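Asker: The structure that follows is given in the form of structure tokens.
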Amino acid sequence: ELKVEQNPLFLSMQEGKNYTIYCNYSTTSDRLYWYRQDPGKSLESLFVLLSNGAVKQEGRLMASLDTKARLSTLHITAAVHDLSATYFCAVRTNYGGSQGNLIFGKGTKLSVKP
Amino acid sequence: EAQVTQNPRYLITVTGKKLTVTCSQNMNHEYMSWYRQDPGLGLRQIYYSMNVEVTDKGDVPEGYKVSRKEKRNFPLILESPSPNQTSLYFCASRPIRGIFYEQYFGPGTRLTVT
């Protein structure tokens with residue numbers, strides 16, 4: 001059974017600082033997704049990572065994937081208040097009847113303070 | 001505009017009163033899914049459907065029903081709601097072919113059962 005763990009679950013940052021959110025998963029997968037959720041809103045897709053060593057960047061966010069370590073990171077560079085949100089990683093299952101379903105981490109609530 | 005719509009967006013009801021939350025997508029996606037989101041638990045899958053008349057249980061199906069009579073619609077039915085079904089519900093859809101298999105989420109339905 002695929003399990004997805006994110007840490008930290010809560011992150012309070014100062015503007016201008018850098019930090020990394022980690023996403024570990026327990027079994028092999030071929031797709032890893034990062035989503036952003038603002039309070040009371042839906043999930044917005046940030047990145048889809050397909051292969052080992054994949055790196056994608058959008059503004060101050062950079063996501064990477066190490067399939068051998070079953071680890072993805074979401075790195076935040078020079079944080080700004082607008083990045084305050086909850087970030088989820090989700091991993092696609094590769095097995096059995098539930099192939100293709102997503103298993104989500106519990107989310108990292110990021111708060112960027114001036 | 002490509003989108004997933006849900007109705008209602010907010011619902012307060014009483015224990016035992018049957019309700020249906022509708023979900024519709026206009027992207028001709030084969031795969032549709034329902035999730036519930038609870039604080040500290042992330043998103044958990046309730047039911048999913050790979051195509052018309054094909055549905056299957058997710059991780060937390062107890063107390064819920066679904067149907068898929070048309071490709072675009074995937075209603076979630078609570079026959080006898082209970083307070084532990086108070087939650088934020090998301091419908092999502094995605095194609096079953098392609099590279100990214102990216103899921104598109106609806107705006108969410110906040111359900112309160114008293």
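Just remember, in the structure tokens the first chain shown is A, the second B, etc., residues are 1-based per chain, and ligands are 1-based in the order shown.
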Write out as an MDAnalysis selection string which residues come within 8 Å of Thr86 of chain B when counting only C-alpha atoms, dropping same-chain ones fewer than 5 positions away.
Answerer: chainID B and resid 110:113
Asker: Counting only C-alpha atoms, which residues of chain A come no farther than 9 Å from chain B, as JSON, numbers by chain?
Answerer: {"A": [9, 31, 33, 40, 41, 42, 43, 44, 45, 48, 49, 50, 88, 97, 98, 100, 101, 102, 103, 104, 105, 106, 107]}
Asker: Considering only C-alpha atoms, return as a ChimeraX atom specification whatever protein or nucleic-acid residues lie within 10 Å of Pro75 of chain B, sequence-local ones (same chain, fewer than 3 positions apart) excluded.
Answerer: /B:6-7,20-24,33-34,65-69,78,91
Asker: Please write the residues from the selection above to a file, keeping C-alpha atoms, as a tab-separated table (two decimals), in the first residue's frame.
Answerer:
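Contents of selection_37.tsv, freshly written:
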```
chain	number	residue	atom	x	y	z
B	6	GLN	CA	-19.89	21.12	-8.14
B	7	ASN	CA	-23.23	21.97	-6.58
B	20	THR	CA	-26.77	14.53	-3.44
B	21	VAL	CA	-23.78	16.60	-4.44
B	22	THR	CA	-23.49	16.97	-8.18
B	23	CYS	CA	-20.26	17.04	-10.18
B	24	SER	CA	-19.92	17.81	-13.84
B	33	SER	CA	-13.18	10.89	-8.51
B	34	TRP	CA	-14.52	12.16	-5.19
B	65	LYS	CA	-22.74	6.07	-3.04
B	66	VAL	CA	-21.96	7.22	-6.54
B	67	SER	CA	-23.27	6.67	-10.02
B	68	ARG	CA	-21.86	7.28	-13.50
B	69	LYS	CA	-24.66	7.20	-16.02
B	78	LEU	CA	-25.22	10.37	1.03
B	91	CYS	CA	-14.68	16.23	-7.27
```
Asker: Just to confirm, what's the straight-line distance from atom CA of Val112 of chain A to atom CA of Leu46 of chain A in Å (one decimal)?
Answerer: 18.4 Å
Asker: So that I can see what lies close to Gln6 of chain A, please list as a ChimeraX atom specification the residues with an atom at most 10 Å from it, counting only C-alpha atoms and leaving out residues fewer than 4 positions away in the same chain.
Answerer: /A:21-25,71-73,87-90,104-108
Asker: Deliver the residues from the most recent selection as a file, using C-alpha atoms, as a PDB file, in the first residue's frame.
Answerer:
```pdb
ATOM      1  CA  ILE A  21       9.259  20.866   1.964  1.00  0.00           C
ATOM      2  CA  TYR A  22       9.836  17.127   1.739  1.00  0.00           C
ATOM      3  CA  CYS A  23       7.602  14.425   0.345  1.00  0.00           C
ATOM      4  CA  ASN A  24       8.490  10.763   0.907  1.00  0.00           C
ATOM      5  CA  TYR A  25       6.541   7.871  -0.548  1.00  0.00           C
ATOM      6  CA  LEU A  71      11.652  11.587  -2.352  1.00  0.00           C
ATOM      7  CA  SER A  72      10.446  14.827  -3.824  1.00  0.00           C
ATOM      8  CA  THR A  73      11.301  18.290  -2.581  1.00  0.00           C
ATOM      9  CA  TYR A  87       1.029  22.630  -0.310  1.00  0.00           C
ATOM     10  CA  PHE A  88       0.218  19.011  -1.060  1.00  0.00           C
ATOM     11  CA  CYS A  89       2.217  16.349  -2.775  1.00  0.00           C
ATOM     12  CA  ALA A  90       0.363  13.441  -4.352  1.00  0.00           C
ATOM     13  CA  PHE A 104      -2.066  12.604  -1.023  1.00  0.00           C
ATOM     14  CA  GLY A 105       0.227  13.712   1.738  1.00  0.00           C
ATOM     15  CA  LYS A 106      -1.327  15.542   4.658  1.00  0.00           C
ATOM     16  CA  GLY A 107      -0.185  18.897   3.389  1.00  0.00           C
ATOM     17  CA  THR A 108       2.258  21.547   4.566  1.00  0.00           C
TER      18      THR A 108
END
```
Asker: Among chain A, which ones does DSSP place in helix (DSSP H, G or I), written as a ChimeraX atom specification?
Answerer: /A:81-83,96-98
Asker: Would you list the contacts of Leu74 of chain A as a ChimeraX atom specification, taking every protein, DNA or RNA residue within 7 Å and counting only C-alpha atoms, but skipping same-chain residues closer than 5 positions in sequence?
Answerer: /A:20-22,61-64
Asker: Please write the residues from the selection above to a file, keeping C-alpha atoms, as a PDB file, in the first residue's frame.
Answerer:
```
ATOM      1  CA  THR A  20      12.326  23.076   1.609  1.00  0.00           C
ATOM      2  CA  ILE A  21       9.259  20.866   1.964  1.00  0.00           C
ATOM      3  CA  TYR A  22       9.836  17.127   1.739  1.00  0.00           C
ATOM      4  CA  LEU A  61       9.163  27.426  -6.328  1.00  0.00           C
ATOM      5  CA  MET A  62      11.313  24.565  -7.544  1.00  0.00           C
ATOM      6  CA  ALA A  63      10.320  20.903  -7.369  1.00  0.00           C
ATOM      7  CA  SER A  64      12.579  17.909  -7.818  1.00  0.00           C
TER       8      SER A  64
END
```
Asker: Between atom CA of Glu53 of chain B and atom CA of Gln3 of chain B, what is the distance in Å, rounded to a tenth?
Answerer: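 One can read the atom CA of Glu53 of chain B to atom CA of Gln3 of chain B distance as 21.8 Å.
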Asker: Skip Ile76 of chain A itself and residues of its chain fewer than 3 positions away, then list as a CSV table (one decimal) with N, CA and C atoms, in the first residue's frame all residues within 6 Å of it, counting only C-alpha atoms.
Answerer:
```csv
chain,number,residue,atom,x,y,z
A,18,ASN,N,14.8,31.1,2.6
A,18,ASN,CA,14.6,29.9,1.8
A,18,ASN,C,14.2,28.7,2.7
A,19,TYR,N,13.5,27.8,2.1
A,19,TYR,CA,13.1,26.6,2.9
A,19,TYR,C,12.7,25.5,1.9
A,60,ARG,N,9.3,31.4,-7.6
A,60,ARG,CA,10.2,31.1,-6.4
A,60,ARG,C,10.1,29.6,-6.0
A,61,LEU,N,9.3,28.8,-6.7
A,61,LEU,CA,9.2,27.4,-6.3
A,61,LEU,C,9.9,26.5,-7.3
```
Asker: Using DSSP on the backbone coordinates, identify all residues within chain B classified as strand (DSSP E or B); present the result as a PyMOL selection string.
Answerer: chain B and resi 4-7+10-13+19-25+31-38+42-51+54-57+65-66+73+76-78+87-94+104-105+109-113
Asker: Take atom CA of Thr15 of chain B and atom CA of Pro81 of chain B and report the distance between them in Å, one decimal.
Answerer: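 If I compute the distance from atom CA of Thr15 of chain B to atom CA of Pro81 of chain B, I get 5.3 Å.
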Asker: For Thr13 of chain B, which residue out of B:Asn26, B:Gly63, B:Ser80, B:Ser93 is the nearest one, using only C-alpha atoms?
Answerer: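 Checking each candidate against Thr13 of chain B, we get B:Ser80 as the closest.
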Asker: Leu2 of chain A: which residues within 9 Å, counting only C-alpha atoms, same-chain residues fewer than 6 positions away excluded, as a PyMOL selection string?
Answerer: chain A and resi 25-29+91-93+103
Asker: With C-alpha atoms retained, could you export that selection as an mmCIF file, in the first residue's frame?
Answerer:
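Below is the file selection07.cif, written as the result:
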```
data_model
loop_
_atom_site.group_PDB
_atom_site.id
_atom_site.type_symbol
_atom_site.label_atom_id
_atom_site.label_comp_id
_atom_site.auth_asym_id
_atom_site.auth_seq_id
_atom_site.Cartn_x
_atom_site.Cartn_y
_atom_site.Cartn_z
ATOM 1 C CA TYR A 25 6.541 7.871 -0.548
ATOM 2 C CA SER A 26 6.687 4.193 0.216
ATOM 3 C CA THR A 27 6.416 2.312 -3.105
ATOM 4 C CA THR A 28 7.427 2.827 -6.705
ATOM 5 C CA SER A 29 5.459 5.377 -8.691
ATOM 6 C CA VAL A 91 1.722 10.216 -5.775
ATOM 7 C CA ARG A 92 0.141 8.093 -8.476
ATOM 8 C CA THR A 93 -0.444 4.445 -7.604
ATOM 9 C CA ILE A 103 -2.520 9.256 -2.711
#
```
Asker: Given the choices B:Ile12, B:Ile77, B:Val4, B:Val60, which gets closest to Arg36 of chain B if the distance is worked out from only C-alpha atoms?
Answerer: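 That would be B:Val60, the residue with the smallest distance to Arg36 of chain B.
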